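Data block below; observations after.
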Amino acid sequence: MQECLDEFEANRELVLQPADPKATQRQHDKGKYTARERIELLLDEGSFRELEQFRRHRATGFGLENNRPYTDGVITGWGTVYGRTVFVYAHDFRVFGGALGEAHADKIHKLMDRAIAAGAPLVSLNDGAGARIQEGVTALSGYGGIFRRNTRASGIIPQISVMLGPCAGGAAYSPALTDFVFMVRSTAQMFITGPDVVQSVTGEEISHNGLGGADVHSTTSGVAQFAYDDEESCLEDVRYLLSMLPPNNRELPPREDAEDDSERRTDSLRELVPVDGNRPYDVRGVVGEIADENDFFEVSAGWATNVVCAFARMDGETVGVIANQPQSLAGVLDINASEKAARFVQFCDAFNIPLVTLVDVPGFLPGVDQEHGGIIRHGAKLLYSYCNATVPRVSVVLRKAYGGAYIVMDSHSIGADVTLAWPTNEIAVMGAEGAANVIFRKEIAAADDPEEVRQQRIKEYRAELMHPYYAAERGLVDDVIDPGETRMAIIRSLEMLRAKDAELPSRKHGNQPQ
């Protein structure tokens with residue numbers, strides 16, 4: 001037995017240490033942790049259980065038969081985050097540059113299958129050189145198996161991709177299929193074709209970070225939802241996000257004992273949000289005020305900034321908040337904002353997270369670029385997502401709610417369970433100025449003093465069709481509330497809706513607008 005144990009310890013030492021003793025130092029010199037160090041940062045101390053640590057490839061040719069390190073460049077297993085099970089795999093850049101081969105892919109496939117079967121979140125720590133070229137099409141097939149399982153797991157378990165190094169070519173599609181993408185600046189890049197190919201085809205010169213770095217994907221492309229300066233803060237926020245999510249689609253999000261009073265008034269909102277609908281303000285202040293202890297976790301904060309999407313807790317319960325942001329493009333909905341909000345709504349609905357919508361929207365962004373870019377079909381994605389959602393839905397109209405954008409932002413007519421409004425609300429087809437110009441165009445043009453008549457008609461239109469109680473009188477708003485009661489009104493509504501049971505029609509799946 002002792003001889004067996006001695007051999008076991010010797011082999012396990014080979015598992016933990018790469019063949020090249022300088023590989024770890026090179027990783028650290030780049031400001032990067034090793035795969036095992038990253039897993040230790042992500043999971044609770046001492047909780048990691050590794051799978052197939054003695055796995056080796058069986059490929060031959062190009063010298064591979066003489067280089068068969070244990071793990072084959074990927075570490076797989078499970079552990080806990082705040083005591084709850086999480087599955088994780090991490091590319092080990094020290095072994096074959098983290099490139100994916102047949103054995104490498106098979107380990108990931110098995111882990112993903114186990115995560116789906118166990119109903120637990122899956123986190124991938126990506127730092128690899130793509131497909132292992134020496135193994136040819138076998139490596140590409142391995143990626144296909146990952147993509148298929150990403151799709152199968154979608155809406156079943158939360159999937160989080162953490163980009164800590166390069167991810168090029170077809171490999172970039174796996175993160176794109178997951179729910180959230182975290183990236184670390186300076187070390188992580190994602191692109192389909194690298195700078196060299198781009199230059200040879202188009203003549204454009206660009207750096208790796210300029211083409212697919214964290215800032216590009218978190219502000220321009222929208223591929224990444226989060227960007228960080230270092231791996232420690234990145235992985236700490238992954239842990240925080242996991243703490244707010246349910247393990248799978250069959251369970252509710254974890255509920256915490258709330259220290260913040262559910263009856264706490266939010267009187268500061270009276271001053272935070274100007275009565276004048278043309279004056280901007282930061283809606284994140286409203287989100288913070290209604291959330292427990294003013295704490296929330298914003299998603300895609302740097303992309304499509306005219307809408308805010310965030311996770312928060314209200315009375316200890318996780319909720320998803322969608323809010324128009326008057327500080328950016330006056331809070332209008334455009335192509336990117338519609339995409340961002342639609343995907344967030346879909347995620348929350350898939351994982352039983354109630355939706356809270358804060359409405360202050362002047363409409364959809366006009367313009368040739370928006371129309372030619374497909375604002376109709378992109379806006380329809382947000383509309384489809386809300387109409388399809390069966391979780392508890394509460395909406396609050398803070399100020400403006402005009403036209404089609406009002407309908408799309410979870411109005412009563414598309415299925416919001418509880419619709420509230422502040423006394424400052426203006427719910428209408430369009431603003432009073434535009435409406436008067438259309439309805440009274442001939443009268444204004446024929447008047448001796450067109451401007452005086454125009455202002456008079458604007459005042460009349462606002463008094464008749466845009467007063468704060470017009471929608472409430474017609475049953476399109478359930479209640480008009482004091483801004484100071486916003487937090488308690490939402491919490492009481494969600495408490496009433498906790499046992500909501502809504503079923504969709506029997507079908508294979510809908511055909512969501514593309």
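Going through the structure tokens in order, the chains are called A, B, and so on, while each chain numbers its residues from 1 and the ligands are numbered from 1 in the order shown.
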**Message:** Env of Ile481 in chain A: 9 Å cut, atoms = only C-alpha atoms, seq-sep filter 5 positions within chain, self excluded. Answer as a list of chain:residue names.
**Reply:**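 After dropping sequence-adjacent residues, the list is A:Leu420, A:Ala421, A:Trp422, A:Pro423, A:Thr486, A:Ala489.
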**Within 6 Å of Val361 in chain A using only C-alpha atoms, minus same-chain residues under 4 positions, as a list in words** =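 Selected residues are Gly331, Val332, Lys400 and Ala401 of chain A.
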With N, CA, C and O atoms retained, export the selected residues as a JSON list (two decimals), in the first residue's frame.
[["chain", "number", "residue", "atom", "x", "y", "z"],
["A", 331, "GLY", "N", -33.00, 59.12, -22.11],
["A", 331, "GLY", "CA", -33.68, 57.89, -21.72],
["A", 331, "GLY", "C", -34.48, 57.23, -22.83],
["A", 331, "GLY", "O", -35.28, 56.32, -22.56],
["A", 332, "VAL", "N", -34.25, 57.65, -24.08],
["A", 332, "VAL", "CA", -34.99, 57.03, -25.18],
["A", 332, "VAL", "C", -34.58, 55.57, -25.35],
["A", 332, "VAL", "O", -33.51, 55.15, -24.90],
["A", 400, "LYS", "N", -42.23, 60.77, -17.78],
["A", 400, "LYS", "CA", -42.76, 60.59, -19.14],
["A", 400, "LYS", "C", -42.95, 59.11, -19.48],
["A", 400, "LYS", "O", -42.16, 58.26, -19.08],
["A", 401, "ALA", "N", -43.99, 58.85, -20.27],
["A", 401, "ALA", "CA", -44.21, 57.52, -20.84],
["A", 401, "ALA", "C", -44.98, 57.74, -22.13],
["A", 401, "ALA", "O", -46.21, 57.75, -22.13]]
**Message:** Based on the backbone DSSP call, show me all residues of range 278-428 of chain A assigned alpha helix (DSSP H), as a PyMOL selection string.
**Reply:** chain A and resi 284-290+335-350+368-372+375-388+403-408
**Prompt:** Neighbours of Glu426 in chain A within 10 Å (only C-alpha atoms; same-chain residues fewer than 2 positions away dropped), as JSON, numbers by chain?
**Reply:** {"A": [277, 360, 361, 362, 397, 398, 399, 400, 401, 402, 421, 422, 423, 424, 428, 429, 430, 431, 432, 462, 465, 466, 467, 468, 469, 470, 471]}
Write out the residues from the selection above, keeping N, CA and C atoms, as a short mmCIF file (atom, residue, chain, number, x, y, z; two decimals), in the first residue's frame.
data_model
loop_
_atom_site.label_atom_id
_atom_site.label_comp_id
_atom_site.auth_asym_id
_atom_site.auth_seq_id
_atom_site.Cartn_x
_atom_site.Cartn_y
_atom_site.Cartn_z
N GLY A 277 -40.09 67.37 -16.93
CA GLY A 277 -39.72 66.19 -17.69
C GLY A 277 -38.54 66.38 -18.62
N ASP A 360 -39.39 56.17 -17.53
CA ASP A 360 -39.29 57.61 -17.80
C ASP A 360 -38.74 57.73 -19.23
N VAL A 361 -39.62 57.48 -20.21
CA VAL A 361 -39.17 57.31 -21.58
C VAL A 361 -39.93 58.25 -22.53
N PRO A 362 -39.21 59.06 -23.31
CA PRO A 362 -39.86 59.96 -24.26
C PRO A 362 -40.21 59.30 -25.59
N VAL A 397 -44.29 54.33 -13.30
CA VAL A 397 -44.06 55.46 -14.21
C VAL A 397 -43.62 56.66 -13.37
N LEU A 398 -42.38 57.10 -13.56
CA LEU A 398 -41.85 58.21 -12.77
C LEU A 398 -42.25 59.55 -13.37
N ARG A 399 -42.04 59.70 -14.68
CA ARG A 399 -42.39 60.95 -15.35
C ARG A 399 -43.00 60.62 -16.72
N LYS A 400 -42.23 60.77 -17.78
CA LYS A 400 -42.76 60.59 -19.14
C LYS A 400 -42.95 59.11 -19.48
N ALA A 401 -43.99 58.85 -20.27
CA ALA A 401 -44.21 57.52 -20.84
C ALA A 401 -44.98 57.74 -22.13
N TYR A 402 -44.25 57.92 -23.21
CA TYR A 402 -44.85 58.35 -24.46
C TYR A 402 -44.85 57.25 -25.52
N ALA A 421 -47.80 54.75 -10.59
CA ALA A 421 -47.32 56.00 -11.21
C ALA A 421 -47.18 57.07 -10.15
N TRP A 422 -46.20 57.92 -10.34
CA TRP A 422 -46.04 59.08 -9.47
C TRP A 422 -46.99 60.19 -9.93
N PRO A 423 -47.26 61.17 -9.08
CA PRO A 423 -48.11 62.30 -9.49
C PRO A 423 -47.49 63.15 -10.60
N THR A 424 -46.23 62.89 -10.92
CA THR A 424 -45.55 63.62 -12.00
C THR A 424 -45.67 62.90 -13.33
N ALA A 428 -48.93 59.35 -22.49
CA ALA A 428 -49.64 59.84 -23.66
C ALA A 428 -49.03 59.28 -24.93
N VAL A 429 -49.72 59.53 -26.05
CA VAL A 429 -49.21 59.09 -27.35
C VAL A 429 -47.91 59.79 -27.68
N MET A 430 -47.84 61.07 -27.34
CA MET A 430 -46.62 61.86 -27.53
C MET A 430 -46.68 63.06 -26.61
N GLY A 431 -45.62 63.86 -26.60
CA GLY A 431 -45.60 65.07 -25.78
C GLY A 431 -46.65 66.06 -26.23
N ALA A 432 -47.05 66.92 -25.31
CA ALA A 432 -48.12 67.88 -25.61
C ALA A 432 -47.74 68.80 -26.76
N ARG A 462 -52.62 69.13 -22.64
CA ARG A 462 -52.03 68.59 -21.41
C ARG A 462 -53.09 68.45 -20.32
N LEU A 465 -55.67 65.39 -21.66
CA LEU A 465 -55.21 64.03 -21.94
C LEU A 465 -53.92 63.62 -21.24
N MET A 466 -53.28 64.55 -20.55
CA MET A 466 -51.98 64.21 -19.97
C MET A 466 -51.89 64.50 -18.48
N HIS A 467 -53.02 64.74 -17.83
CA HIS A 467 -52.95 64.98 -16.39
C HIS A 467 -52.60 63.68 -15.67
N PRO A 468 -52.04 63.76 -14.47
CA PRO A 468 -51.49 62.57 -13.80
C PRO A 468 -52.48 61.46 -13.52
N TYR A 469 -53.77 61.73 -13.61
CA TYR A 469 -54.76 60.72 -13.25
C TYR A 469 -55.55 60.19 -14.45
N TYR A 470 -55.15 60.63 -15.64
CA TYR A 470 -55.88 60.22 -16.84
C TYR A 470 -55.82 58.70 -17.02
N ALA A 471 -54.61 58.13 -16.94
CA ALA A 471 -54.47 56.69 -17.11
C ALA A 471 -55.11 55.93 -15.96
#
**Item:** Proximity to Pro280 in chain A - best of A:Val299, A:Leu329, A:Ile133, A:Ala10, only C-alpha atoms
**Value:**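 Of A:Val299, A:Leu329, A:Ile133, A:Ala10, the one nearest Pro280 in chain A is A:Leu329, counting only C-alpha atoms.
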Residues within 9 Å of Cys234 in chain A, only C-alpha atoms, excluding chain neighbours under 5 positions, as an mmCIF file with all heavy atoms, in the first residue's frame:
data_model
loop_
_atom_site.group_PDB
_atom_site.id
_atom_site.type_symbol
_atom_site.label_atom_id
_atom_site.label_comp_id
_atom_site.auth_asym_id
_atom_site.auth_seq_id
_atom_site.Cartn_x
_atom_site.Cartn_y
_atom_site.Cartn_z
ATOM 1 N N VAL A 162 -15.754 33.864 -17.704
ATOM 2 C CA VAL A 162 -14.793 34.839 -17.189
ATOM 3 C C VAL A 162 -13.585 34.824 -18.124
ATOM 4 O O VAL A 162 -12.891 33.812 -18.238
ATOM 5 C CB VAL A 162 -14.364 34.504 -15.750
ATOM 6 C CG1 VAL A 162 -13.498 35.629 -15.183
ATOM 7 C CG2 VAL A 162 -15.585 34.276 -14.866
ATOM 8 N N PHE A 182 -17.588 38.211 -18.092
ATOM 9 C CA PHE A 182 -16.705 39.086 -17.325
ATOM 10 C C PHE A 182 -15.353 39.137 -18.044
ATOM 11 O O PHE A 182 -14.864 38.105 -18.502
ATOM 12 C CB PHE A 182 -16.484 38.542 -15.911
ATOM 13 C CG PHE A 182 -17.682 38.630 -14.997
ATOM 14 C CD1 PHE A 182 -18.797 37.831 -15.195
ATOM 15 C CD2 PHE A 182 -17.683 39.510 -13.920
ATOM 16 C CE1 PHE A 182 -19.897 37.893 -14.349
ATOM 17 C CE2 PHE A 182 -18.771 39.586 -13.061
ATOM 18 C CZ PHE A 182 -19.873 38.787 -13.271
ATOM 19 N N MET A 183 -14.724 40.315 -18.117
ATOM 20 C CA MET A 183 -13.420 40.432 -18.768
ATOM 21 C C MET A 183 -12.464 41.256 -17.915
ATOM 22 O O MET A 183 -12.886 42.184 -17.212
ATOM 23 C CB MET A 183 -13.538 41.084 -20.144
ATOM 24 C CG MET A 183 -14.281 40.252 -21.177
ATOM 25 S SD MET A 183 -14.215 40.956 -22.852
ATOM 26 C CE MET A 183 -12.503 40.601 -23.304
ATOM 27 N N VAL A 184 -11.177 40.912 -17.992
ATOM 28 C CA VAL A 184 -10.130 41.655 -17.294
ATOM 29 C C VAL A 184 -9.351 42.463 -18.322
ATOM 30 O O VAL A 184 -8.900 41.930 -19.348
ATOM 31 C CB VAL A 184 -9.191 40.708 -16.525
ATOM 32 C CG1 VAL A 184 -8.022 41.485 -15.924
ATOM 33 C CG2 VAL A 184 -9.962 39.987 -15.422
ATOM 34 N N PHE A 226 -19.286 42.965 -17.986
ATOM 35 C CA PHE A 226 -18.494 43.499 -16.883
ATOM 36 C C PHE A 226 -17.024 43.556 -17.292
ATOM 37 O O PHE A 226 -16.519 42.650 -17.957
ATOM 38 C CB PHE A 226 -18.631 42.613 -15.639
ATOM 39 C CG PHE A 226 -20.054 42.334 -15.238
ATOM 40 C CD1 PHE A 226 -20.690 41.164 -15.654
ATOM 41 C CD2 PHE A 226 -20.775 43.236 -14.469
ATOM 42 C CE1 PHE A 226 -22.007 40.889 -15.307
ATOM 43 C CE2 PHE A 226 -22.092 42.972 -14.112
ATOM 44 C CZ PHE A 226 -22.708 41.805 -14.528
ATOM 45 N N ALA A 227 -16.320 44.618 -16.875
ATOM 46 C CA ALA A 227 -14.886 44.769 -17.159
ATOM 47 C C ALA A 227 -14.174 45.216 -15.887
ATOM 48 O O ALA A 227 -14.685 46.058 -15.128
ATOM 49 C CB ALA A 227 -14.664 45.787 -18.271
ATOM 50 N N TYR A 228 -12.968 44.664 -15.662
ATOM 51 C CA TYR A 228 -12.236 44.917 -14.414
ATOM 52 C C TYR A 228 -10.753 45.129 -14.704
ATOM 53 O O TYR A 228 -10.229 44.704 -15.730
ATOM 54 C CB TYR A 228 -12.400 43.733 -13.452
ATOM 55 C CG TYR A 228 -13.834 43.499 -13.045
ATOM 56 C CD1 TYR A 228 -14.666 42.703 -13.828
ATOM 57 C CD2 TYR A 228 -14.373 44.090 -11.903
ATOM 58 C CE1 TYR A 228 -15.983 42.498 -13.487
ATOM 59 C CE2 TYR A 228 -15.687 43.883 -11.559
ATOM 60 C CZ TYR A 228 -16.497 43.094 -12.347
ATOM 61 O OH TYR A 228 -17.818 42.899 -12.009
ATOM 62 N N ASP A 229 -10.085 45.772 -13.747
ATOM 63 C CA ASP A 229 -8.652 46.037 -13.882
ATOM 64 C C ASP A 229 -7.799 44.867 -13.417
ATOM 65 O O ASP A 229 -6.623 44.789 -13.773
ATOM 66 C CB ASP A 229 -8.264 47.295 -13.090
ATOM 67 C CG ASP A 229 -8.850 48.560 -13.698
ATOM 68 O OD1 ASP A 229 -8.992 48.605 -14.939
ATOM 69 O OD2 ASP A 229 -9.165 49.499 -12.945
ATOM 70 N N ARG A 239 -18.485 35.956 -7.689
ATOM 71 C CA ARG A 239 -19.049 35.367 -6.469
ATOM 72 C C ARG A 239 -20.297 36.128 -6.025
ATOM 73 O O ARG A 239 -21.310 35.529 -5.642
ATOM 74 C CB ARG A 239 -18.001 35.383 -5.338
ATOM 75 C CG ARG A 239 -16.885 34.373 -5.493
ATOM 76 C CD ARG A 239 -15.814 34.559 -4.411
ATOM 77 N NE ARG A 239 -16.339 34.493 -3.060
ATOM 78 C CZ ARG A 239 -16.544 33.370 -2.370
ATOM 79 N NH1 ARG A 239 -16.249 32.199 -2.923
ATOM 80 N NH2 ARG A 239 -17.031 33.403 -1.146
#
**Message:** For a test of reading the model, state the distance in Å between CA of Val408 in chain A and CA of Glu251 in chain A, rounded to one decimal.
**Reply:** 28.1 Å
Residues near range 37-54 of chain A, anyone? I mean within 9 Å using only C-alpha atoms, not counting same-chain ones fewer than 4 positions away, as a short mmCIF file (atom, residue, chain, number, x, y, z; two decimals) with N, CA, C and O atoms, in the first residue's frame.
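The resulting file, around.cif, is reproduced below:
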data_model
loop_
_atom_site.label_atom_id
_atom_site.label_comp_id
_atom_site.auth_asym_id
_atom_site.auth_seq_id
_atom_site.Cartn_x
_atom_site.Cartn_y
_atom_site.Cartn_z
N ASN A 11 2.67 11.12 -8.83
CA ASN A 11 1.85 11.50 -9.98
C ASN A 11 1.04 12.76 -9.71
O ASN A 11 0.86 13.60 -10.59
N ARG A 12 0.55 12.87 -8.48
CA ARG A 12 -0.23 14.07 -8.16
C ARG A 12 0.65 15.31 -8.18
O ARG A 12 0.19 16.40 -8.54
N VAL A 15 0.71 16.45 -11.58
CA VAL A 15 -0.55 17.13 -11.92
C VAL A 15 -0.48 18.60 -11.53
O VAL A 15 -0.90 19.49 -12.28
N TYR A 33 -3.00 35.04 -12.91
CA TYR A 33 -2.91 33.91 -11.99
C TYR A 33 -2.92 32.61 -12.78
O TYR A 33 -3.31 32.56 -13.95
N PRO A 69 1.05 15.68 -20.85
CA PRO A 69 0.92 16.12 -19.46
C PRO A 69 -0.44 15.78 -18.88
O PRO A 69 -1.44 15.68 -19.60
N TYR A 70 -0.48 15.59 -17.56
CA TYR A 70 -1.75 15.37 -16.88
C TYR A 70 -2.63 16.62 -16.98
O TYR A 70 -2.14 17.73 -17.11
N THR A 71 -3.91 16.45 -16.89
CA THR A 71 -5.01 17.44 -16.99
C THR A 71 -5.28 17.85 -18.43
O THR A 71 -6.37 18.31 -18.74
N ASP A 72 -4.30 17.71 -19.32
CA ASP A 72 -4.43 18.09 -20.73
C ASP A 72 -4.82 19.56 -20.90
O ASP A 72 -5.50 19.92 -21.87
N VAL A 74 -6.70 21.64 -18.96
CA VAL A 74 -7.93 22.20 -18.39
C VAL A 74 -8.20 21.52 -17.06
O VAL A 74 -8.05 20.30 -16.92
N ILE A 75 -8.57 22.32 -16.07
CA ILE A 75 -8.89 21.81 -14.74
C ILE A 75 -10.40 21.90 -14.55
O ILE A 75 -11.00 22.96 -14.76
N THR A 76 -11.01 20.78 -14.20
CA THR A 76 -12.47 20.74 -14.08
C THR A 76 -12.86 20.19 -12.70
O THR A 76 -12.13 19.40 -12.11
N GLY A 77 -14.01 20.62 -12.23
CA GLY A 77 -14.50 20.11 -10.94
C GLY A 77 -15.62 20.97 -10.40
O GLY A 77 -16.23 21.76 -11.12
N TRP A 78 -15.89 20.80 -9.13
CA TRP A 78 -16.95 21.58 -8.49
C TRP A 78 -16.51 21.98 -7.08
O TRP A 78 -15.59 21.41 -6.50
N GLY A 79 -17.19 22.99 -6.56
CA GLY A 79 -16.95 23.46 -5.21
C GLY A 79 -18.15 24.26 -4.77
O GLY A 79 -19.26 24.08 -5.30
N THR A 80 -17.95 25.17 -3.85
CA THR A 80 -19.06 25.98 -3.36
C THR A 80 -18.70 27.46 -3.40
O THR A 80 -17.54 27.86 -3.29
N VAL A 81 -19.72 28.29 -3.58
CA VAL A 81 -19.62 29.74 -3.45
C VAL A 81 -20.67 30.16 -2.44
O VAL A 81 -21.87 29.93 -2.66
N TYR A 82 -20.23 30.68 -1.31
CA TYR A 82 -21.12 30.98 -0.18
C TYR A 82 -21.95 29.75 0.18
O TYR A 82 -23.15 29.84 0.45
N GLY A 83 -21.30 28.58 0.14
CA GLY A 83 -21.93 27.35 0.58
C GLY A 83 -22.81 26.66 -0.44
O GLY A 83 -23.35 25.59 -0.15
N VAL A 86 -21.21 25.01 -7.15
CA VAL A 86 -20.91 25.64 -8.43
C VAL A 86 -19.92 24.76 -9.18
O VAL A 86 -18.93 24.30 -8.60
N VAL A 88 -17.05 24.37 -12.21
CA VAL A 88 -16.09 25.30 -12.80
C VAL A 88 -15.08 24.53 -13.65
O VAL A 88 -14.69 23.42 -13.31
N TYR A 89 -14.69 25.14 -14.77
CA TYR A 89 -13.52 24.65 -15.49
C TYR A 89 -12.62 25.84 -15.82
O TYR A 89 -13.11 26.95 -16.05
N ALA A 90 -11.31 25.58 -15.81
CA ALA A 90 -10.33 26.65 -16.00
C ALA A 90 -9.25 26.18 -16.96
O ALA A 90 -8.61 25.14 -16.73
N LYS A 107 -13.33 16.46 -21.19
CA LYS A 107 -13.44 16.82 -19.77
C LYS A 107 -14.48 17.92 -19.57
O LYS A 107 -15.29 17.87 -18.64
N LEU A 111 -18.16 17.75 -17.57
CA LEU A 111 -18.47 18.70 -16.50
C LEU A 111 -19.78 19.42 -16.78
O LEU A 111 -20.62 19.59 -15.87
N LEU A 125 -13.46 29.65 -16.67
CA LEU A 125 -12.36 30.59 -16.53
C LEU A 125 -11.50 30.43 -17.78
O LEU A 125 -10.72 29.49 -17.90
N GLU A 231 -7.80 40.51 -11.72
CA GLU A 231 -8.52 39.26 -11.59
C GLU A 231 -9.21 39.12 -10.24
O GLU A 231 -10.28 38.51 -10.14
N GLU A 232 -8.60 39.66 -9.18
CA GLU A 232 -9.21 39.52 -7.85
C GLU A 232 -10.59 40.16 -7.78
O GLU A 232 -11.56 39.54 -7.34
N LEU A 235 -13.19 38.21 -10.03
CA LEU A 235 -13.71 36.96 -9.47
C LEU A 235 -14.54 37.20 -8.22
O LEU A 235 -15.48 36.44 -7.93
N GLU A 236 -14.25 38.26 -7.48
CA GLU A 236 -15.07 38.59 -6.31
C GLU A 236 -16.48 38.99 -6.75
O GLU A 236 -17.48 38.62 -6.11
N VAL A 238 -17.90 37.94 -9.54
CA VAL A 238 -18.55 36.71 -10.00
C VAL A 238 -19.20 36.02 -8.80
O VAL A 238 -20.34 35.54 -8.89
N ARG A 239 -18.48 35.96 -7.69
CA ARG A 239 -19.05 35.37 -6.47
C ARG A 239 -20.30 36.13 -6.02
O ARG A 239 -21.31 35.53 -5.64
#
**Item:** Given only C-alpha atoms as the counted atoms, nearest of A:Pro392, A:Gly404, A:Pro166, A:Gly212 to Gly379 in chain A
**Value:**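 Checking each candidate against Gly379 in chain A, we get A:Gly404 as the closest.
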**Message:** Would you compute the distance between CA of Ala59 in chain A and CA of Glu7 in chain A? Give it in Å to one decimal.
**Reply:**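 Separating CA of Ala59 in chain A from CA of Glu7 in chain A is a distance of 24.9 Å.
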**Who sits within 6 Å of range 344-359 of chain A, only C-alpha atoms, same chain under 3 positions skipped, as number ranges by chain** = A: 155, 249, 252, 319-324, 341, 385, 389, 391-398
